[in-house]
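Reproduced below: input19.pdb, with PDB, C-alpha atoms, pLDDT in the B column.
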ATOM      1  CA  MET A   1      88.409 121.852  91.256  1.00 94.00           C
ATOM      2  CA  ALA A   2      91.415 119.538  91.147  1.00 97.00           C
ATOM      3  CA  ASP A   3      91.710 115.851  91.976  1.00 98.00           C
ATOM      4  CA  VAL A   4      94.258 115.008  94.675  1.00 98.00           C
ATOM      5  CA  PHE A   5      95.364 111.476  95.582  1.00 98.00           C
ATOM      6  CA  VAL A   6      96.325 111.015  99.241  1.00 98.00           C
ATOM      7  CA  TYR A   7      98.124 107.862 100.373  1.00 97.00           C
ATOM      8  CA  GLY A   8      99.317 108.593 103.920  1.00 96.00           C
ATOM      9  CA  THR A   9      98.330 110.589 106.978  1.00 95.00           C
ATOM     10  CA  LEU A  10      95.634 112.573 105.108  1.00 97.00           C
ATOM     11  CA  LYS A  11      93.480 109.489 104.460  1.00 97.00           C
ATOM     12  CA  ARG A  12      90.318 108.836 106.452  1.00 96.00           C
ATOM     13  CA  GLY A  13      91.127 107.417 109.886  1.00 95.00           C
ATOM     14  CA  GLN A  14      94.683 108.772 109.787  1.00 96.00           C
ATOM     15  CA  PRO A  15      96.229 111.501 111.996  1.00 94.00           C
ATOM     16  CA  ASN A  16      96.062 114.420 109.537  1.00 95.00           C
ATOM     17  CA  HIS A  17      92.695 113.738 107.875  1.00 97.00           C
ATOM     18  CA  LYS A  18      91.331 116.710 109.850  1.00 96.00           C
ATOM     19  CA  VAL A  19      93.118 119.031 107.393  1.00 97.00           C
ATOM     20  CA  LEU A  20      90.759 117.871 104.623  1.00 97.00           C
ATOM     21  CA  LEU A  21      87.711 118.084 106.908  1.00 96.00           C
ATOM     22  CA  ASP A  22      88.349 121.670 108.028  1.00 96.00           C
ATOM     23  CA  ALA A  23      86.066 123.836 105.870  1.00 96.00           C
ATOM     24  CA  THR A  24      88.097 126.939 106.755  1.00 97.00           C
ATOM     25  CA  ASN A  25      90.897 125.379 104.647  1.00 97.00           C
ATOM     26  CA  GLY A  26      88.634 125.212 101.594  1.00 97.00           C
ATOM     27  CA  SER A  27      86.640 122.413 100.045  1.00 97.00           C
ATOM     28  CA  ALA A  28      87.648 118.740  99.861  1.00 98.00           C
ATOM     29  CA  THR A  29      85.118 116.174  98.674  1.00 97.00           C
ATOM     30  CA  PHE A  30      85.868 112.454  98.809  1.00 97.00           C
ATOM     31  CA  ARG A  31      85.488 110.970  95.315  1.00 95.00           C
ATOM     32  CA  SER A  32      86.700 107.398  95.655  1.00 95.00           C
ATOM     33  CA  ARG A  33      89.320 105.006  96.831  1.00 96.00           C
ATOM     34  CA  GLY A  34      92.075 104.502  94.292  1.00 97.00           C
ATOM     35  CA  ARG A  35      95.507 103.127  93.554  1.00 97.00           C
ATOM     36  CA  THR A  36      98.324 104.351  91.391  1.00 97.00           C
ATOM     37  CA  VAL A  37      98.340 102.926  87.865  1.00 97.00           C
ATOM     38  CA  GLU A  38     102.113 102.661  87.958  1.00 97.00           C
ATOM     39  CA  PRO A  39     104.041 101.233  90.930  1.00 98.00           C
ATOM     40  CA  TYR A  40     105.933 103.637  93.200  1.00 97.00           C
ATOM     41  CA  PRO A  41     107.880 102.920  96.397  1.00 98.00           C
ATOM     42  CA  LEU A  42     105.849 103.942  99.447  1.00 97.00           C
ATOM     43  CA  VAL A  43     108.163 104.045 102.457  1.00 97.00           C
ATOM     44  CA  ILE A  44     108.080 105.292 106.031  1.00 96.00           C
ATOM     45  CA  ALA A  45     111.082 107.540 106.543  1.00 94.00           C
ATOM     46  CA  GLY A  46     112.562 110.317 108.616  1.00 88.00           C
ATOM     47  CA  GLU A  47     112.594 110.992 112.324  1.00 85.00           C
ATOM     48  CA  ARG A  48     108.795 111.436 112.422  1.00 88.00           C
ATOM     49  CA  ASN A  49     108.033 108.221 110.489  1.00 92.00           C
ATOM     50  CA  ILE A  50     106.318 110.022 107.640  1.00 92.00           C
ATOM     51  CA  PRO A  51     104.892 108.013 104.719  1.00 96.00           C
ATOM     52  CA  ARG A  52     106.593 109.102 101.512  1.00 96.00           C
ATOM     53  CA  LEU A  53     105.932 108.136  97.934  1.00 97.00           C
ATOM     54  CA  LEU A  54     109.316 108.179  96.182  1.00 97.00           C
ATOM     55  CA  ASN A  55     109.564 109.364  92.602  1.00 96.00           C
ATOM     56  CA  LEU A  56     110.831 106.029  91.315  1.00 97.00           C
ATOM     57  CA  PRO A  57     108.062 104.936  88.928  1.00 96.00           C
ATOM     58  CA  GLY A  58     108.096 101.243  88.105  1.00 96.00           C
ATOM     59  CA  ARG A  59     109.417 100.181  91.549  1.00 96.00           C
ATOM     60  CA  GLY A  60     107.394  99.143  94.561  1.00 96.00           C
ATOM     61  CA  TYR A  61     103.636  98.622  94.512  1.00 97.00           C
ATOM     62  CA  ARG A  62     100.581 100.234  93.030  1.00 97.00           C
ATOM     63  CA  GLY A  63      99.814 102.213  96.170  1.00 95.00           C
ATOM     64  CA  PHE A  64      96.338 102.481  97.658  1.00 97.00           C
ATOM     65  CA  GLY A  65      94.824 105.754  98.775  1.00 97.00           C
ATOM     66  CA  GLU A  66      91.895 108.123  98.357  1.00 98.00           C
ATOM     67  CA  ILE A  67      90.918 110.651  95.708  1.00 97.00           C
ATOM     68  CA  TYR A  68      89.525 114.046  96.742  1.00 98.00           C
ATOM     69  CA  ALA A  69      88.175 116.884  94.621  1.00 97.00           C
ATOM     70  CA  VAL A  70      89.614 120.053  96.158  1.00 98.00           C
ATOM     71  CA  ASP A  71      89.218 123.747  95.411  1.00 98.00           C
ATOM     72  CA  GLU A  72      92.109 126.168  94.847  1.00 98.00           C
ATOM     73  CA  GLN A  73      92.119 127.296  98.479  1.00 98.00           C
ATOM     74  CA  MET A  74      92.451 123.710  99.768  1.00 98.00           C
ATOM     75  CA  LEU A  75      95.160 123.029  97.176  1.00 98.00           C
ATOM     76  CA  ARG A  76      97.162 125.994  98.528  1.00 97.00           C
ATOM     77  CA  VAL A  77      96.637 124.751 102.099  1.00 97.00           C
ATOM     78  CA  LEU A  78      97.789 121.252 101.105  1.00 98.00           C
ATOM     79  CA  ASP A  79     100.865 122.703  99.370  1.00 97.00           C
ATOM     80  CA  GLU A  80     101.791 124.467 102.593  1.00 96.00           C
ATOM     81  CA  PHE A  81     100.919 121.472 104.784  1.00 95.00           C
ATOM     82  CA  GLU A  82     103.055 119.167 102.622  1.00 94.00           C
ATOM     83  CA  GLU A  83     105.864 121.756 102.592  1.00 92.00           C
ATOM     84  CA  CYS A  84     105.760 121.834  98.817  1.00 94.00           C
ATOM     85  CA  PRO A  85     108.154 122.225  97.064  1.00 92.00           C
ATOM     86  CA  ASP A  86     110.791 121.647  99.783  1.00 89.00           C
ATOM     87  CA  LEU A  87     109.676 118.350 101.353  1.00 87.00           C
ATOM     88  CA  TYR A  88     107.363 117.102  98.602  1.00 93.00           C
ATOM     89  CA  GLN A  89     106.660 118.106  95.055  1.00 96.00           C
ATOM     90  CA  ARG A  90     103.118 118.169  93.672  1.00 97.00           C
ATOM     91  CA  VAL A  91     102.974 116.189  90.436  1.00 97.00           C
ATOM     92  CA  ARG A  92     100.253 114.484  88.385  1.00 97.00           C
ATOM     93  CA  VAL A  93     100.019 110.706  88.330  1.00 97.00           C
ATOM     94  CA  SER A  94      97.479 108.309  86.860  1.00 97.00           C
ATOM     95  CA  VAL A  95      95.230 106.800  89.520  1.00 97.00           C
ATOM     96  CA  GLU A  96      92.821 103.920  89.026  1.00 96.00           C
ATOM     97  CA  VAL A  97      89.384 104.592  90.524  1.00 96.00           C
ATOM     98  CA  LEU A  98      88.402 101.631  92.718  1.00 93.00           C
ATOM     99  CA  GLU A  99      85.037 102.703  94.113  1.00 75.00           C
ATOM    100  CA  GLY A 100      83.111 105.912  94.449  1.00 60.00           C
ATOM    101  CA  GLU A 101      81.317 107.261  97.487  1.00 56.00           C
ATOM    102  CA  GLY A 102      78.040 105.391  97.717  1.00 49.00           C
ATOM    103  CA  ALA A 103      78.713 103.617  94.415  1.00 47.00           C
ATOM    104  CA  SER A 104      77.252 100.148  94.100  1.00 47.00           C
ATOM    105  CA  LYS A 105      78.888  99.300  90.793  1.00 53.00           C
ATOM    106  CA  GLU A 106      82.123  99.811  88.926  1.00 54.00           C
ATOM    107  CA  PRO A 107      82.572 103.312  87.445  1.00 52.00           C
ATOM    108  CA  PRO A 108      82.264 103.770  83.657  1.00 53.00           C
ATOM    109  CA  ALA A 109      85.437 103.014  81.687  1.00 53.00           C
ATOM    110  CA  ALA A 110      86.063 106.724  81.016  1.00 53.00           C
ATOM    111  CA  GLU A 111      86.154 107.375  84.777  1.00 60.00           C
ATOM    112  CA  ARG A 112      88.295 104.388  85.852  1.00 87.00           C
ATOM    113  CA  CYS A 113      91.537 106.342  85.572  1.00 93.00           C
ATOM    114  CA  LEU A 114      92.097 109.940  86.674  1.00 95.00           C
ATOM    115  CA  GLN A 115      95.063 112.275  86.475  1.00 96.00           C
ATOM    116  CA  CYS A 116      95.489 113.366  90.093  1.00 98.00           C
ATOM    117  CA  PHE A 117      97.878 115.595  91.924  1.00 98.00           C
ATOM    118  CA  VAL A 118      99.985 113.688  94.413  1.00 98.00           C
ATOM    119  CA  TYR A 119     102.651 114.854  96.837  1.00 98.00           C
ATOM    120  CA  ILE A 120     105.755 112.864  95.989  1.00 97.00           C
ATOM    121  CA  ALA A 121     109.362 112.954  97.190  1.00 96.00           C
ATOM    122  CA  THR A 122     111.769 113.645  94.330  1.00 93.00           C
ATOM    123  CA  ILE A 123     114.700 114.645  96.562  1.00 92.00           C
ATOM    124  CA  TYR A 124     115.567 112.277  99.417  1.00 94.00           C
ATOM    125  CA  PRO A 125     118.501 110.384 100.920  1.00 95.00           C
ATOM    126  CA  PRO A 126     119.456 107.432  98.675  1.00 95.00           C
ATOM    127  CA  GLU A 127     119.006 104.930 101.525  1.00 96.00           C
ATOM    128  CA  TRP A 128     115.254 105.631 101.550  1.00 96.00           C
ATOM    129  CA  ALA A 129     114.952 103.680  98.298  1.00 96.00           C
ATOM    130  CA  GLN A 130     116.195 100.612 100.214  1.00 97.00           C
ATOM    131  CA  LEU A 131     113.536 100.824 102.966  1.00 97.00           C
ATOM    132  CA  PRO A 132     110.667  98.310 102.973  1.00 97.00           C
ATOM    133  CA  TYR A 133     107.973  99.206 100.448  1.00 97.00           C
ATOM    134  CA  LEU A 134     104.323  99.366 101.510  1.00 96.00           C
ATOM    135  CA  GLU A 135     101.249  98.861  99.370  1.00 95.00           C
ATOM    136  CA  ASN A 136      98.920 100.654 101.768  1.00 96.00           C
ATOM    137  CA  TYR A 137      99.819 103.007 104.642  1.00 96.00           C
ATOM    138  CA  ASP A 138      98.182 102.927 108.060  1.00 95.00           C
ATOM    139  CA  SER A 139      99.751 104.906 110.902  1.00 92.00           C
ATOM    140  CA  GLN A 140      98.910 102.032 113.262  1.00 90.00           C
ATOM    141  CA  GLY A 141     100.020  99.320 110.828  1.00 88.00           C
ATOM    142  CA  ALA A 142     102.072  96.201 111.451  1.00 87.00           C
ATOM    143  CA  HIS A 143     105.195  98.101 110.353  1.00 89.00           C
ATOM    144  CA  GLY A 144     105.616  99.240 113.989  1.00 86.00           C
ATOM    145  CA  LEU A 145     106.624 102.784 112.983  1.00 89.00           C
ATOM    146  CA  PRO A 146     104.088 105.148 114.559  1.00 82.00           C
ATOM    147  CA  HIS A 147     103.683 108.561 112.971  1.00 83.00           C
ATOM    148  CA  HIS A 148     105.033 111.397 115.141  1.00 84.00           C
ATOM    149  CA  PRO A 149     103.324 114.775 114.725  1.00 82.00           C
ATOM    150  CA  ARG A 150     105.354 117.902 114.149  1.00 73.00           C
ATOM    151  CA  LYS A 151     107.032 119.274 117.282  1.00 64.00           C
ATOM    152  CA  THR A 152     105.888 122.805 116.527  1.00 48.00           C
ATOM    153  CA  ASP A 153     102.448 123.748 115.390  1.00 44.00           C
ATOM    154  CA  LYS A 154     102.894 123.529 111.647  1.00 46.00           C
ATOM    155  CA  SER A 155      99.176 123.564 110.899  1.00 49.00           C
ATOM    156  CA  PRO A 156      98.519 125.107 107.530  1.00 51.00           C
ATOM    157  CA  ARG A 157      97.802 128.804 107.602  1.00 47.00           C
ATOM    158  CA  LYS A 158      94.401 129.746 106.324  1.00 45.00           C
ATOM    159  CA  ALA A 159      94.590 130.850 102.714  1.00 44.00           C
ATOM    160  CA  PRO A 160      93.105 134.281 101.992  1.00 41.00           C
TER     161      PRO A 160
END
Just give me the structure of the file as structure tokens.
Amino acid sequence: MADVFVYGTLKRGQPNHKVLLDATNGSATFRSRGRTVEPYPLVIAGERNIPRLLNLPGRGYRGFGEIYAVDEQMLRVLDEFEECPDLYQRVRVSVEVLEGEGASKEPPAAERCLQCFVYIATIYPPEWAQLPYLENYDSQGAHGLPHHPRKTDKSPRKAP
């Protein structure tokens, strides 16, 4: 199992969360809400208004998202869904655990920070770094930039 931090359309209540819920894609278990330990710019960019975490550590905000434990099959599906390595690159970042599923208290110190995979943009037009930075993405947020789904069915293929 691997920990994956999602900050955009894969979060609960967002347009692509169904990818994580589809058991035919593999296993994805919600672990907790979280936020990046280091700040990164989270912007909405491109013709489909996609949330993108830019690989500019130290700039922006400590972004909020969710941590999922996923199996190898789901990780392969997510790589394909995120068009890794062309659109995004999968890298490890430190994520602070904010609350666990059903947890009524703060997690133990040893579990407050996890190394999670995250899909991050390392190659992008320079003007994206000048876009407004978000702390937390919501496709229906006050930013006024609704997410547009892919024009063709680019659903992840089922991994063998």
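If only C-alpha atoms are the atoms counted, then among A:Glu135, A:Val77, A:Thr36, A:Arg90 the closest residue to Thr24 in chain A is A:Val77.
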Residue neighbourhood range 65-76 of chain A, 9 Å, only C-alpha atoms, exclusion window fewer than 5 positions, as a CSV table (one decimal) with C-alpha atoms, in the frame of the given file:
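Saved as around.csv:
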chain,number,residue,atom,x,y,z
A,1,MET,CA,88.4,121.9,91.3
A,2,ALA,CA,91.4,119.5,91.1
A,3,ASP,CA,91.7,115.9,92.0
A,4,VAL,CA,94.3,115.0,94.7
A,5,PHE,CA,95.4,111.5,95.6
A,6,VAL,CA,96.3,111.0,99.2
A,7,TYR,CA,98.1,107.9,100.4
A,8,GLY,CA,99.3,108.6,103.9
A,10,LEU,CA,95.6,112.6,105.1
A,11,LYS,CA,93.5,109.5,104.5
A,12,ARG,CA,90.3,108.8,106.5
A,19,VAL,CA,93.1,119.0,107.4
A,20,LEU,CA,90.8,117.9,104.6
A,23,ALA,CA,86.1,123.8,105.9
A,24,THR,CA,88.1,126.9,106.8
A,25,ASN,CA,90.9,125.4,104.6
A,26,GLY,CA,88.6,125.2,101.6
A,27,SER,CA,86.6,122.4,100.0
A,28,ALA,CA,87.6,118.7,99.9
A,29,THR,CA,85.1,116.2,98.7
A,30,PHE,CA,85.9,112.5,98.8
A,31,ARG,CA,85.5,111.0,95.3
A,32,SER,CA,86.7,107.4,95.7
A,33,ARG,CA,89.3,105.0,96.8
A,34,GLY,CA,92.1,104.5,94.3
A,35,ARG,CA,95.5,103.1,93.6
A,36,THR,CA,98.3,104.4,91.4
A,81,PHE,CA,100.9,121.5,104.8
A,95,VAL,CA,95.2,106.8,89.5
A,97,VAL,CA,89.4,104.6,90.5
A,116,CYS,CA,95.5,113.4,90.1
A,136,ASN,CA,98.9,100.7,101.8
A,137,TYR,CA,99.8,103.0,104.6
A,158,LYS,CA,94.4,129.7,106.3
A,159,ALA,CA,94.6,130.8,102.7
A,160,PRO,CA,93.1,134.3,102.0
Quiz item: Smallest atom-to-atom distance to Lys18 in chain A: which of A:Leu78, A:Ala45, A:Cys84, A:Ala142, using all atoms listed in the file?
Solution: A:Leu78
Quiz item: So how many Å separate CA of Asn16 in chain A and CA of Ala121 in chain A, to one decimal?
Solution: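 Atom-to-atom, CA of Asn16 in chain A and CA of Ala121 in chain A are spaced 18.2 Å apart.
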Quiz prompt | Contacts of His143 in chain A at 10 Å (only C-alpha atoms; same-chain gap of 4+ positions) as a PyMOL selection string | solution = chain A and resi 44+132+134+137-139
Expected file: the selected residues, C-alpha atoms, as a short mmCIF file (atom, residue, chain, number, x, y, z; two decimals), in the coordinates of the input:
data_model
loop_
_atom_site.label_atom_id
_atom_site.label_comp_id
_atom_site.auth_asym_id
_atom_site.auth_seq_id
_atom_site.Cartn_x
_atom_site.Cartn_y
_atom_site.Cartn_z
CA ILE A 44 108.08 105.29 106.03
CA PRO A 132 110.67 98.31 102.97
CA LEU A 134 104.32 99.37 101.51
CA TYR A 137 99.82 103.01 104.64
CA ASP A 138 98.18 102.93 108.06
CA SER A 139 99.75 104.91 110.90
#
Quiz item: With only C-alpha atoms as the atoms that count, which of A:Cys113, A:Gly60, A:Leu98, A:His148 lies nearest to Val43 in chain A?
Solution: A:Gly60
Work out where the centre of an axis-aligned box around every listed atom of range 88-100 of chain A lies and how long its edges are once 8 Å is added on each side; give both in Å to one decimal as JSON.
{"center_x": 95.2, "center_y": 109.9, "center_z": 92.7, "size_x": 40.3, "size_y": 32.5, "size_z": 27.7}
Quiz item: What does the distance from CA of Glu83 in chain A to CA of Arg150 in chain A come to in Å, to one decimal?
Solution: 12.2 Å
Quiz prompt | From A:Asn49, A:Gly63, A:Pro125, A:Leu114, residue lying nearest Gly144 in chain A [only C-alpha atoms] | solution =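 Closest to Gly144 in chain A, using only C-alpha atoms: A:Asn49.
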Practice problem: Figure out the distance between CA of Pro149 in chain A and CA of Pro57 in chain A, please, to one decimal in Å. | Solution: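 CA of Pro149 in chain A lies 28.0 Å from CA of Pro57 in chain A.
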Quiz prompt | Explicit residue set for the PyMOL selection byres ((chain A and resi 86) around 12), as a PyMOL selection string | solution = chain A and resi 79-85+87-90+119-124
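Put simply, the PyMOL selection byres ((chain A and resi 59) around 8) in this file takes in A:Pro39, A:Tyr40, A:Pro41, A:Leu56, A:Pro57, A:Gly58, A:Gly60, A:Tyr61.
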Quiz item: Could you spell out the hits of the PyMOL selection byres ((chain A and resi 129) around 8) on the shown file, as a ChimeraX atom specification?
Solution: /A:41,43,54,126-128,130-131
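Among the candidate residues A:Phe117, A:Val93, A:Phe64, A:Tyr133, the one lying nearest to Leu42 in chain A is A:Tyr133, with distances computed using all atoms listed in the file.
Each of A:Ser94, A:Gln140, A:Leu145, A:Glu99 was compared to Gln115 in chain A using all atoms listed in the file, and A:Ser94 turns out to be the nearest.
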